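Working notes, beginning with the structure itself.
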Amino acid sequence: MNSLRALLEDNDQIVQEIDGGNDYGEDLFVMFTKDGYRTGVSIAVQVKSGAKYKRANGYAIPVDEHADDWRSSLLPVFGIVFDVDTGKLFWTNLTEALTASPSSTWIQLDRVNELTESTIENFMEQAHAYAQKRSQQEKGASLQVYPISANSGEESWFAGRNKERVQLKHFISEGQSRKLLIAGMAGVGKTALVSQVVSDPEVHSLFPGGVVFVDMQGFSNDQRLMGRPSAAYSPILVALGFPATEVPPDINGQAAVYHKLLEARAESGKDTLLIFDNVAEVSQVAELLPKSSPHGVVVTSRVRLGIIDGLETLHLDCMEPQESEDLFRSGLSARGQNVDSEIVQELCGLCGHLPLALRIAAAIAKDDISLPLGDLVEELTEAKSRLDVLQYGDSAVRAALQVSFHHLDEELQVPFCKISVNPGTSISEEIAAVALELSASRARSALRKLAQASLISRDGTSARWRMHDLVYLFSSEQAEKLIEQGEYGRCFMSIAKRYEEISEGADETLRGIAAKGSRFNTQKALAWFDDEHVNLRGAALKALDANLHEVAYYISMNLVVYFDIRLRANDALQCSLSAHEAARSLKDAERQVRALNNVGLTLTTQRRFKEAIQKLTKANAIAERIGFSEGECDTVMSLGAAVRQHEGPRAAIPLLVKATNLAKRSGDAGSIAASLTNLGSAYREAGEFSSAVNVLSESIVFHRMSGDRRKEASAHGGLGAALADLGRLDAAVESFKRAFSGYEEVQDFFGVNLNWANLGGAYLRMGRVAEGRKCTTRALAYFDSVDISFYQAMCLMNLGRLELIAGNQSNAKDLFLQAREKYEGCAAPEGVRDADSALRKLDRIK
């Protein structure tokens with residue numbers, strides 16, 4: 001490479017190397033010059049070196065996957081082989097060879113075509129002549145080229161993009177090179193942004209030489225219509241004010257005049273701004289870039305172009321929610337001021353905040369004035385038909401994405417489709433490698449290339465990628481067309497099994513039963529679930545639809561503890577119901593018991609006690625009938641917890657004693673610990689404080705044996721409450737403090753703050769008002785943030801009692817009244833009675 005570059009540059013030719021990460025069969029561009037001016041003609045070069053390219057009668061270059069690119073490239077591609085042993089260079093015309101023999105797998109190089117100082121002139125003449133001839137033979141593209149005047153590009157429908165407008169202005173006014181690439185997916189509004197900014201009079205004042213817009217038509221379904229430098233010189237010259245009658249008829253002359261004119265303008269202080277819109281590859285603009293830095297250049301593209309010296313990049317993403325709403329309303333005219341904001345927000349979300357989709361939706365709504373926006377939202381809600389809806393006239397999101405897909409390298413089209421076999425729009429590199437059946441490094445490379453085509457993007461971390469919602473729907477459509485049904489099913493099965501395997505390890509970590517050497521600690525397990533829970537839920541539902549019931553069961557069950565920790569009770573319930581559905585389809589009674597037990601526990605968390613008792617009674621009956629002792633123990637324990645809260649602790653004690661006996665017969669430390677903790681809580685609530693202390697103390701021993709730090713923390717918290725009820729307040733405080741570490745270790749913020757509330761109650765009994773208020777206020781702030789009425793009320797009651805101790809009776813009454821309202825709202829009659837009693841006592845004090 002260095003030998004070739006030195007030879008060409010010594011002969012005054014311009015060489016632009018291509019970065020290795022962007023090598024698709026070419027290593028460098030050569031831009032030909034004559035008499036110090038570029039001729040407007042370029043070639044691409046593929047360079048090879050090494051013994052594998054040597055033959056008895058010469059050399060050869062493998063075609064591999066480059067046949068179509070080399071044969072149909074807008075720039076002819078030449079091949080160079082460097083003989084390491086002799087230090088000699090040899091060349092051939094790859095494009096010409098493949099045009100003559102399209103099925104060739106190797107291209108031969110003759111030894112007579114040696115490239116030296118004495119033959120370089122002949123090589124350049126032949127290459128120049130071939131490139132010019134090929135350019136003239138190709139169907140010419142009629143480019144849209146016109147000057148832009150101040151205020152000419154402003155559109156009434158344009159909205160938002162304030163940050164990007166400032167960035168663009170900064171690049172072209174204060175940037176070191178004043179060259180900028182704006183890249184982004186189809187329909188994201190690249191051209192609109194540029195048009196809006198460059199029509200600003202302030203921008204025009206920076207470019208007294210004028211502003212010229214050139215549509216290079218790079219993303220056309222017909223590659224022959226892509227704009228080339230040869231088609232751009234003449235119209236740009238005319239747009240810059242050069243007399244049309246004086247434009248040379250030949251390309252070489254046009255190129256020379258073009259660059260000479262730009263040089264003259266630079267010298268006279270007439271800086272010019274050139275906008276090359278819709279560019280698909282570097283070769284479309286490389287010859288058109290000004291040599292002088294004072295001139296500005298803005299290039300827009302759906303792809304990350306190859307390396308161009310001094311070219312900065314601004315990646316344009318979809319709009320922010322408020323910007324989306326403003327853009328949509330601007331397209332509705334007067335009607336836009338009268339539509340419900342919540343409906344507009346929902347509609348913008350369904351459009352993925354993509355400007356093209358928003359403008360189409362606005363056009364539909366504006367055109368059909370009798371169409372309620374709620375009905376349009378309903379149409380868009382159906383994912384399978386969303387792209388059908390987002391079409392108005394000849395504007396369509398699907399059509400725009402189809403062009404991007406058409407321009408995607410063929411080797412990337414199937415990987416693009418397989419990404420959407422994943423049930424969510426965000427995918428990790430680990431799962432992508434499974435879907436693509438590639439090594440981690442090769443999968444990462446494929447993902448990076450899809451990102452360079454603006455079809456996916458990084459998702460927060462370096463190891464995750466995201467598809468825009470509408471791109472995901474389009475990819476799913478293409479997957480149905482291009483991937484054979486059996487292959488699609490195998491791909492999904494591989495993804496689902498990997499999700500099942502990883503989620504099992506993460507769930508075991510949260511339960512404290514992970515095997516030694518697990519990939520997760522608690523924080524990593526929670527972080528993994530945070531990233532993947534949407535994919536996991538989607539995989540479980542998709543597996544149910546595909547009759548992959550075992551996979552659906554395990555993935556669903558593995559999510560329940562995570563959702564419980566994150567206080568997402570409804571999600572935990574839906575997962576438990578999905579697991580039960582899968583277990584029924586498998587006709588597996590034991591799994592039905594486990595799933596129903598989770599259903600009952602979650603309903604208890606939601607204070608839906610009657611439903612919980614019904615489900616748990618059914619689960620217990622099945623467990624007894626089939627002799628499933630572990631399931632019987634679990635369901636009796638869960639039933640006792642539900643009965644304790646619904647009918648009172650004394651009604652639950654016999655059930656919890658039974659659960660404890662069953663657990664002890666099984667010898668399982670985790671079951672023994674859990675049953676003892678529940679029994680201890682029932683004893684405490686029933687006023688049997690000494691029994692509660694003894695049972696809860698015993699449960700802690702078994703929790704330590706099982707390794708479940710979260711449940712051990714719960715036992716310490718329960719023990720603290722029982723000790724406080726016995727008046728052993730110092731011991732209670734110590735027990736509450738021991739509970740914090742376990743809750744914090746698993747990021748159980750509900751447990752942490754319930755513990756703060758209980759610690760505050762202990763300080764209240766000790767008369768330590770300031771500490772009690774601090775702990776209780778902290779807990780209340782959390783319960784307010786997650787809107788859990790029962791525990792809000794509990795904190796409000798304790799704060800009211802603290803106000804009484806401080807002598808603030810009016811404040812205390814307000815707090816008791818607020819607590820009563822909260823208790824009523826969550827159907828907690830015992831809490832209402834407690835609040836009423838406090839209010840009556842307060843009235844007697846008065």
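Numbering starts fresh at 1 for the residues of each chain in the structure tokens, the chains themselves are lettered A, B, ... in the order given, and ligands are numbered from 1 as they appear.
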
Please extract the residues of range 94-282 of chain A with a backbone DSSP assignment of strand (DSSP E or B) and present them as an MDAnalysis selection string.
chainID A and resid 106:110 114:115 144:148 179:183 211:215 273:277

Write out as a ChimeraX atom specification each polymer residue whose atoms come within 6 Å of range 358-369 of chain A, counting only C-alpha atoms; drop sequence neighbours fewer than 6 positions from it.
/A:328,331-332,392

Name the residues in contact with range 188-192 of chain A at a cut-off of 7 Å, using only C-alpha atoms, excluding same-chain residues fewer than 6 positions from it; report them as a PyMOL selection string.
chain A and resi 182+277+300+317-318+354-356

Would you save the residues of that selection, restricted to all heavy atoms, as an mmCIF file, in the first residue's frame?
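Resulting contents of out.cif:
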```cif
data_model
loop_
_atom_site.group_PDB
_atom_site.id
_atom_site.type_symbol
_atom_site.label_atom_id
_atom_site.label_comp_id
_atom_site.auth_asym_id
_atom_site.auth_seq_id
_atom_site.Cartn_x
_atom_site.Cartn_y
_atom_site.Cartn_z
ATOM 1 N N ILE A 182 -24.153 14.855 7.849
ATOM 2 C CA ILE A 182 -25.320 14.610 8.698
ATOM 3 C C ILE A 182 -25.868 13.253 8.298
ATOM 4 O O ILE A 182 -26.363 13.071 7.179
ATOM 5 C CB ILE A 182 -26.392 15.700 8.513
ATOM 6 C CG1 ILE A 182 -25.811 17.065 8.881
ATOM 7 C CG2 ILE A 182 -27.606 15.390 9.371
ATOM 8 C CD1 ILE A 182 -26.790 18.203 8.722
ATOM 9 N N ASP A 277 -26.843 16.578 -0.935
ATOM 10 C CA ASP A 277 -27.912 15.850 -0.253
ATOM 11 C C ASP A 277 -28.043 14.443 -0.827
ATOM 12 O O ASP A 277 -27.797 14.204 -2.005
ATOM 13 C CB ASP A 277 -29.229 16.620 -0.440
ATOM 14 C CG ASP A 277 -30.349 16.074 0.417
ATOM 15 O OD1 ASP A 277 -30.102 15.772 1.595
ATOM 16 O OD2 ASP A 277 -31.479 15.955 -0.096
ATOM 17 N N THR A 300 -25.473 15.046 3.377
ATOM 18 C CA THR A 300 -26.455 14.246 4.116
ATOM 19 C C THR A 300 -26.475 12.842 3.540
ATOM 20 O O THR A 300 -26.343 12.645 2.332
ATOM 21 C CB THR A 300 -27.879 14.841 4.046
ATOM 22 O OG1 THR A 300 -28.433 14.608 2.753
ATOM 23 C CG2 THR A 300 -27.873 16.320 4.359
ATOM 24 N N ASP A 317 -30.887 11.843 15.300
ATOM 25 C CA ASP A 317 -31.806 10.855 15.851
ATOM 26 C C ASP A 317 -33.240 11.331 15.690
ATOM 27 O O ASP A 317 -33.495 12.441 15.213
ATOM 28 C CB ASP A 317 -31.516 10.624 17.338
ATOM 29 C CG ASP A 317 -30.212 9.865 17.549
ATOM 30 O OD1 ASP A 317 -29.976 8.898 16.812
ATOM 31 O OD2 ASP A 317 -29.435 10.253 18.445
ATOM 32 N N CYS A 318 -34.164 10.488 16.132
ATOM 33 C CA CYS A 318 -35.574 10.878 16.106
ATOM 34 C C CYS A 318 -35.812 12.020 17.093
ATOM 35 O O CYS A 318 -34.976 12.333 17.929
ATOM 36 C CB CYS A 318 -36.449 9.675 16.438
ATOM 37 S SG CYS A 318 -36.458 8.437 15.124
ATOM 38 N N LEU A 354 -40.576 9.655 14.595
ATOM 39 C CA LEU A 354 -39.880 9.789 13.311
ATOM 40 C C LEU A 354 -40.579 10.869 12.490
ATOM 41 O O LEU A 354 -41.775 10.741 12.201
ATOM 42 C CB LEU A 354 -39.897 8.459 12.559
ATOM 43 C CG LEU A 354 -39.165 8.433 11.213
ATOM 44 C CD1 LEU A 354 -37.658 8.548 11.434
ATOM 45 C CD2 LEU A 354 -39.497 7.146 10.450
ATOM 46 N N PRO A 355 -39.883 11.928 12.096
ATOM 47 C CA PRO A 355 -40.541 13.035 11.385
ATOM 48 C C PRO A 355 -41.359 12.606 10.168
ATOM 49 O O PRO A 355 -42.469 13.106 9.973
ATOM 50 C CB PRO A 355 -39.366 13.935 10.991
ATOM 51 C CG PRO A 355 -38.371 13.735 12.084
ATOM 52 C CD PRO A 355 -38.473 12.269 12.423
ATOM 53 N N LEU A 356 -40.838 11.706 9.347
ATOM 54 C CA LEU A 356 -41.597 11.269 8.171
ATOM 55 C C LEU A 356 -42.919 10.648 8.579
ATOM 56 O O LEU A 356 -43.977 10.960 7.997
ATOM 57 C CB LEU A 356 -40.774 10.261 7.358
ATOM 58 C CG LEU A 356 -41.495 9.630 6.152
ATOM 59 C CD1 LEU A 356 -41.913 10.687 5.143
ATOM 60 C CD2 LEU A 356 -40.616 8.558 5.497
#
```

Would you pick out the contacts of Val769 in chain A at 12 Å or less, using only C-alpha atoms, so that residues sharing its chain but fewer than 2 positions from it are not included, and give the list as a list of chain:residue names?
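That gives A:Leu759, A:Gly760, A:Gly761, A:Ala762, A:Tyr763, A:Leu764, A:Arg765, A:Met766, A:Gly767, A:Glu771, A:Gly772, A:Arg773, A:Lys774, A:Cys775, A:Thr776, A:Thr777, A:Asn798, A:Leu799, A:Gly800, A:Arg801, A:Leu802, A:Glu803, A:Leu804, A:Ile805, A:Ala806, A:Gly807.
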
Go ahead and write the residues just picked, N, CA, C and O atoms, as a short mmCIF file (atom, residue, chain, number, x, y, z; two decimals), in the first residue's frame.
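Now in again-v8.cif:
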```
data_model
loop_
_atom_site.label_atom_id
_atom_site.label_comp_id
_atom_site.auth_asym_id
_atom_site.auth_seq_id
_atom_site.Cartn_x
_atom_site.Cartn_y
_atom_site.Cartn_z
N LEU A 759 -38.07 1.32 61.55
CA LEU A 759 -37.07 1.92 62.44
C LEU A 759 -37.58 3.24 62.99
O LEU A 759 -37.39 3.56 64.18
N GLY A 760 -38.25 4.00 62.15
CA GLY A 760 -38.85 5.26 62.61
C GLY A 760 -39.88 5.02 63.70
O GLY A 760 -39.97 5.79 64.68
N GLY A 761 -40.67 3.91 63.55
CA GLY A 761 -41.65 3.57 64.58
C GLY A 761 -40.99 3.23 65.91
O GLY A 761 -41.50 3.58 66.98
N ALA A 762 -39.84 2.55 65.83
CA ALA A 762 -39.11 2.21 67.06
C ALA A 762 -38.60 3.47 67.75
O ALA A 762 -38.71 3.62 68.98
N TYR A 763 -38.06 4.39 66.94
CA TYR A 763 -37.60 5.65 67.52
C TYR A 763 -38.76 6.43 68.13
O TYR A 763 -38.60 7.13 69.15
N LEU A 764 -39.94 6.32 67.51
CA LEU A 764 -41.13 6.97 68.05
C LEU A 764 -41.42 6.45 69.46
O LEU A 764 -41.67 7.23 70.39
N ARG A 765 -41.37 5.14 69.64
CA ARG A 765 -41.65 4.56 70.94
C ARG A 765 -40.59 4.94 71.97
O ARG A 765 -40.86 4.99 73.17
N MET A 766 -39.38 5.19 71.47
CA MET A 766 -38.29 5.58 72.38
C MET A 766 -38.32 7.06 72.69
O MET A 766 -37.51 7.56 73.49
N GLY A 767 -39.22 7.81 72.05
CA GLY A 767 -39.30 9.24 72.26
C GLY A 767 -38.22 10.02 71.54
O GLY A 767 -38.03 11.22 71.81
N GLU A 771 -35.06 11.65 65.21
CA GLU A 771 -34.63 10.48 64.44
C GLU A 771 -35.83 9.75 63.84
O GLU A 771 -35.79 9.27 62.71
N GLY A 772 -36.90 9.67 64.63
CA GLY A 772 -38.11 9.02 64.13
C GLY A 772 -38.70 9.73 62.94
O GLY A 772 -39.11 9.11 61.95
N ARG A 773 -38.75 11.08 63.03
CA ARG A 773 -39.29 11.87 61.92
C ARG A 773 -38.41 11.71 60.68
O ARG A 773 -38.93 11.56 59.55
N LYS A 774 -37.10 11.72 60.86
CA LYS A 774 -36.18 11.60 59.71
C LYS A 774 -36.39 10.27 58.98
O LYS A 774 -36.50 10.22 57.75
N CYS A 775 -36.44 9.17 59.75
CA CYS A 775 -36.61 7.85 59.14
C CYS A 775 -37.97 7.73 58.45
O CYS A 775 -38.07 7.23 57.32
N THR A 776 -39.02 8.19 59.11
CA THR A 776 -40.37 8.04 58.59
C THR A 776 -40.59 8.92 57.36
O THR A 776 -41.24 8.50 56.39
N THR A 777 -40.06 10.14 57.40
CA THR A 777 -40.19 11.03 56.25
C THR A 777 -39.49 10.45 55.03
O THR A 777 -40.00 10.52 53.90
N ASN A 798 -47.59 7.32 61.74
CA ASN A 798 -46.44 7.51 62.64
C ASN A 798 -46.00 8.97 62.71
O ASN A 798 -45.61 9.47 63.78
N LEU A 799 -46.07 9.67 61.56
CA LEU A 799 -45.73 11.10 61.59
C LEU A 799 -46.73 11.87 62.44
O LEU A 799 -46.37 12.82 63.15
N GLY A 800 -48.01 11.45 62.38
CA GLY A 800 -49.01 12.09 63.22
C GLY A 800 -48.72 11.90 64.70
O GLY A 800 -48.83 12.83 65.52
N ARG A 801 -48.31 10.69 65.06
CA ARG A 801 -47.97 10.41 66.46
C ARG A 801 -46.75 11.22 66.90
O ARG A 801 -46.68 11.71 68.04
N LEU A 802 -45.79 11.38 65.98
CA LEU A 802 -44.62 12.20 66.31
C LEU A 802 -45.00 13.66 66.52
O LEU A 802 -44.45 14.35 67.41
N GLU A 803 -45.96 14.15 65.73
CA GLU A 803 -46.43 15.53 65.91
C GLU A 803 -47.13 15.69 67.25
O GLU A 803 -47.02 16.73 67.92
N LEU A 804 -47.87 14.65 67.67
CA LEU A 804 -48.52 14.71 68.99
C LEU A 804 -47.49 14.83 70.11
O LEU A 804 -47.64 15.61 71.05
N ILE A 805 -46.41 14.00 70.00
CA ILE A 805 -45.35 14.07 71.02
C ILE A 805 -44.74 15.47 71.07
O ILE A 805 -44.41 15.99 72.14
N ALA A 806 -44.65 16.09 69.87
CA ALA A 806 -44.06 17.43 69.80
C ALA A 806 -45.06 18.51 70.18
O ALA A 806 -44.71 19.70 70.20
N GLY A 807 -46.33 18.11 70.44
CA GLY A 807 -47.35 19.06 70.85
C GLY A 807 -48.05 19.77 69.71
O GLY A 807 -48.78 20.74 69.94
#
```

Contacts of Val303 in chain A at 12 Å (only C-alpha atoms; same-chain gap of 3+ positions) as a ChimeraX atom specification
/A:22,181-186,190,218-219,278-282,299-300,306,313-316,404-405,407-409,448-457

Write the residues of the preceding selection, restricted to N, CA and C atoms, as a CSV table (one decimal), in the first residue's frame.
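Wrote it out as part_39.csv, contents follow:
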```csv
chain,number,residue,atom,x,y,z
A,22,ASN,N,-13.9,0.1,6.9
A,22,ASN,CA,-14.9,0.4,5.9
A,22,ASN,C,-14.5,-0.2,4.5
A,181,LEU,N,-20.9,15.9,7.8
A,181,LEU,CA,-21.8,14.8,7.3
A,181,LEU,C,-22.9,14.7,8.3
A,182,ILE,N,-24.2,14.9,7.8
A,182,ILE,CA,-25.3,14.6,8.7
A,182,ILE,C,-25.9,13.3,8.3
A,183,ALA,N,-25.8,12.3,9.2
A,183,ALA,CA,-26.2,10.9,8.9
A,183,ALA,C,-27.4,10.6,9.8
A,184,GLY,N,-28.2,9.7,9.3
A,184,GLY,CA,-29.4,9.3,10.1
A,184,GLY,C,-30.3,8.4,9.2
A,185,MET,N,-31.2,7.7,9.9
A,185,MET,CA,-32.1,6.8,9.2
A,185,MET,C,-33.0,7.5,8.2
A,186,ALA,N,-33.6,6.7,7.3
A,186,ALA,CA,-34.6,7.3,6.4
A,186,ALA,C,-35.7,8.0,7.1
A,190,LYS,N,-33.2,14.8,7.8
A,190,LYS,CA,-31.9,15.4,7.5
A,190,LYS,C,-32.0,16.6,6.5
A,218,GLY,N,-28.5,9.6,-4.3
A,218,GLY,CA,-27.8,8.3,-3.9
A,218,GLY,C,-28.7,7.2,-3.6
A,219,PHE,N,-29.8,7.5,-3.0
A,219,PHE,CA,-30.7,6.4,-2.6
A,219,PHE,C,-31.9,6.3,-3.5
A,278,ASN,N,-28.4,13.5,0.0
A,278,ASN,CA,-28.8,12.2,-0.4
A,278,ASN,C,-27.6,11.5,-1.1
A,279,VAL,N,-26.5,11.4,-0.3
A,279,VAL,CA,-25.3,10.8,-0.8
A,279,VAL,C,-25.2,9.4,-0.3
A,280,ALA,N,-24.9,8.4,-1.2
A,280,ALA,CA,-24.8,7.0,-0.8
A,280,ALA,C,-23.4,6.5,-0.6
A,281,GLU,N,-22.5,7.1,-1.3
A,281,GLU,CA,-21.1,6.6,-1.2
A,281,GLU,C,-20.1,7.7,-1.5
A,282,VAL,N,-18.9,7.6,-1.0
A,282,VAL,CA,-17.9,8.6,-1.1
A,282,VAL,C,-17.6,9.1,-2.5
A,299,VAL,N,-22.9,17.4,3.8
A,299,VAL,CA,-23.3,16.2,3.1
A,299,VAL,C,-24.4,15.5,4.0
A,300,THR,N,-25.5,15.0,3.4
A,300,THR,CA,-26.5,14.2,4.1
A,300,THR,C,-26.5,12.8,3.5
A,306,GLY,N,-17.4,6.6,3.8
A,306,GLY,CA,-16.0,6.3,4.1
A,306,GLY,C,-15.2,7.5,4.6
A,313,THR,N,-18.9,14.5,11.7
A,313,THR,CA,-20.2,13.8,11.6
A,313,THR,C,-21.1,14.2,12.7
A,314,LEU,N,-22.4,14.5,12.3
A,314,LEU,CA,-23.5,14.8,13.2
A,314,LEU,C,-24.5,13.7,12.9
A,315,HIS,N,-24.8,12.9,13.9
A,315,HIS,CA,-25.8,11.8,13.7
A,315,HIS,C,-27.2,12.4,14.2
A,316,LEU,N,-28.1,12.3,13.3
A,316,LEU,CA,-29.5,12.9,13.6
A,316,LEU,C,-30.4,11.7,14.1
A,404,SER,N,-33.5,2.0,1.7
A,404,SER,CA,-32.3,1.7,2.5
A,404,SER,C,-31.9,0.2,2.5
A,405,PHE,N,-32.9,-0.6,2.6
A,405,PHE,CA,-32.7,-2.1,2.5
A,405,PHE,C,-32.1,-2.5,1.2
A,407,HIS,N,-30.2,-0.8,-0.7
A,407,HIS,CA,-28.8,-0.3,-0.8
A,407,HIS,C,-27.9,-1.0,0.2
A,408,LEU,N,-28.5,-1.9,1.0
A,408,LEU,CA,-27.7,-2.6,2.0
A,408,LEU,C,-26.9,-3.7,1.3
A,409,ASP,N,-25.6,-3.9,1.7
A,409,ASP,CA,-24.8,-5.0,1.1
A,409,ASP,C,-25.6,-6.3,1.3
A,448,ARG,N,-22.2,-3.4,13.7
A,448,ARG,CA,-21.6,-2.1,13.4
A,448,ARG,C,-21.9,-1.7,12.0
A,449,LYS,N,-21.8,-2.6,11.0
A,449,LYS,CA,-22.1,-2.3,9.6
A,449,LYS,C,-23.5,-1.9,9.4
A,450,LEU,N,-24.4,-2.5,10.2
A,450,LEU,CA,-25.9,-2.2,10.1
A,450,LEU,C,-26.1,-0.8,10.7
A,451,ALA,N,-25.3,-0.5,11.7
A,451,ALA,CA,-25.3,0.9,12.3
A,451,ALA,C,-24.8,1.9,11.4
A,452,GLN,N,-23.8,1.6,10.6
A,452,GLN,CA,-23.2,2.5,9.6
A,452,GLN,C,-24.3,2.8,8.5
A,453,ALA,N,-25.2,1.9,8.3
A,453,ALA,CA,-26.3,2.1,7.3
A,453,ALA,C,-27.5,2.7,8.0
A,454,SER,N,-27.4,3.1,9.3
A,454,SER,CA,-28.5,3.8,10.0
A,454,SER,C,-29.7,2.9,10.2
A,455,LEU,N,-29.5,1.6,10.2
A,455,LEU,CA,-30.6,0.7,10.4
A,455,LEU,C,-30.7,0.2,11.9
A,456,ILE,N,-29.7,0.4,12.6
A,456,ILE,CA,-29.7,0.1,14.1
A,456,ILE,C,-28.8,1.2,14.7
A,457,SER,N,-28.8,1.2,16.0
A,457,SER,CA,-27.9,2.2,16.7
A,457,SER,C,-27.5,1.6,18.1
```

Could you find all residues in range 331-485 of chain A that DSSP calls helix (DSSP H, G or I) from the backbone, and write them as a VMD selection string?
chain A and resid 333 to 338 341 to 350 355 to 367 373 to 381 383 to 389 397 to 406 410 to 419 429 to 436 440 to 452 469 to 482 485

Can you tell me how far CA of Phe689 in chain A sits from CA of Leu656 in chain A, in Å to one decimal?
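If I compute the distance from CA of Phe689 in chain A to CA of Leu656 in chain A, I get 16.2 Å.
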
12 Å contact set for Leu544 in chain A, only C-alpha atoms, chain neighbours under 4 positions out, as a ChimeraX atom specification:
/A:493,496,537-540,548-556,575,577-586

Expected file: the selected residues, N, CA and C atoms, as a short mmCIF file (atom, residue, chain, number, x, y, z; two decimals), in the first residue's frame:
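Writing done, so here's part.cif:
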```cif
data_model
loop_
_atom_site.label_atom_id
_atom_site.label_comp_id
_atom_site.auth_asym_id
_atom_site.auth_seq_id
_atom_site.Cartn_x
_atom_site.Cartn_y
_atom_site.Cartn_z
N MET A 493 -35.88 -20.43 18.30
CA MET A 493 -35.67 -21.42 19.36
C MET A 493 -34.31 -21.22 20.00
N ALA A 496 -34.56 -18.14 22.23
CA ALA A 496 -35.37 -18.39 23.42
C ALA A 496 -34.64 -19.28 24.42
N ARG A 537 -40.07 -11.24 28.29
CA ARG A 537 -41.55 -11.34 28.27
C ARG A 537 -42.02 -11.63 26.84
N GLY A 538 -41.43 -10.93 25.87
CA GLY A 538 -41.81 -11.18 24.48
C GLY A 538 -41.46 -12.59 24.04
N ALA A 539 -40.30 -13.10 24.47
CA ALA A 539 -39.89 -14.45 24.10
C ALA A 539 -40.85 -15.48 24.69
N ALA A 540 -41.30 -15.26 25.93
CA ALA A 540 -42.23 -16.20 26.55
C ALA A 540 -43.56 -16.23 25.81
N LEU A 548 -44.05 -23.76 22.13
CA LEU A 548 -42.80 -24.09 22.83
C LEU A 548 -43.07 -23.89 24.32
N HIS A 549 -43.92 -24.75 24.87
CA HIS A 549 -44.48 -24.50 26.20
C HIS A 549 -43.46 -24.59 27.31
N GLU A 550 -42.49 -25.48 27.20
CA GLU A 550 -41.50 -25.61 28.26
C GLU A 550 -40.64 -24.35 28.37
N VAL A 551 -40.20 -23.85 27.22
CA VAL A 551 -39.41 -22.61 27.21
C VAL A 551 -40.24 -21.46 27.78
N ALA A 552 -41.52 -21.38 27.34
CA ALA A 552 -42.39 -20.31 27.82
C ALA A 552 -42.56 -20.37 29.33
N TYR A 553 -42.69 -21.59 29.86
CA TYR A 553 -42.88 -21.77 31.31
C TYR A 553 -41.67 -21.25 32.08
N TYR A 554 -40.48 -21.71 31.70
CA TYR A 554 -39.30 -21.37 32.48
C TYR A 554 -38.95 -19.88 32.38
N ILE A 555 -39.04 -19.31 31.19
CA ILE A 555 -38.73 -17.88 31.07
C ILE A 555 -39.70 -17.07 31.92
N SER A 556 -40.99 -17.42 31.88
CA SER A 556 -42.00 -16.68 32.65
C SER A 556 -41.73 -16.79 34.15
N CYS A 575 -46.76 -12.79 34.11
CA CYS A 575 -45.78 -13.86 33.90
C CYS A 575 -46.24 -15.16 34.56
N LEU A 577 -49.31 -16.07 35.18
CA LEU A 577 -50.44 -16.60 34.41
C LEU A 577 -49.96 -17.28 33.12
N SER A 578 -48.94 -16.68 32.47
CA SER A 578 -48.37 -17.30 31.26
C SER A 578 -47.73 -18.64 31.60
N ALA A 579 -47.02 -18.68 32.74
CA ALA A 579 -46.39 -19.93 33.17
C ALA A 579 -47.46 -21.00 33.44
N HIS A 580 -48.57 -20.59 34.04
CA HIS A 580 -49.65 -21.54 34.31
C HIS A 580 -50.27 -22.05 33.02
N GLU A 581 -50.45 -21.15 32.06
CA GLU A 581 -50.99 -21.57 30.76
C GLU A 581 -50.06 -22.59 30.09
N ALA A 582 -48.75 -22.33 30.15
CA ALA A 582 -47.79 -23.26 29.56
C ALA A 582 -47.81 -24.59 30.28
N ALA A 583 -47.89 -24.56 31.62
CA ALA A 583 -47.91 -25.80 32.40
C ALA A 583 -49.16 -26.62 32.09
N ARG A 584 -50.29 -25.96 31.90
CA ARG A 584 -51.52 -26.69 31.54
C ARG A 584 -51.39 -27.34 30.17
N SER A 585 -50.76 -26.60 29.21
CA SER A 585 -50.57 -27.17 27.88
C SER A 585 -49.65 -28.39 27.94
N LEU A 586 -48.69 -28.36 28.87
CA LEU A 586 -47.78 -29.49 29.05
C LEU A 586 -48.42 -30.61 29.87
#
```

Can you tell me which residues surround Gly707 in chain A at a distance of at most 10 Å, considering only C-alpha atoms, apart from same-chain residues fewer than 5 positions away, and format the answer as an NGL selection string?
:A and (509 or 511-514 or 669-670 or 702 or 712)

Using only C-alpha atoms, which of the listed residues (A:Val15, A:Ala432, A:Cys348, A:Leu401) sits closest to Asp309 in chain A?
A:Val15
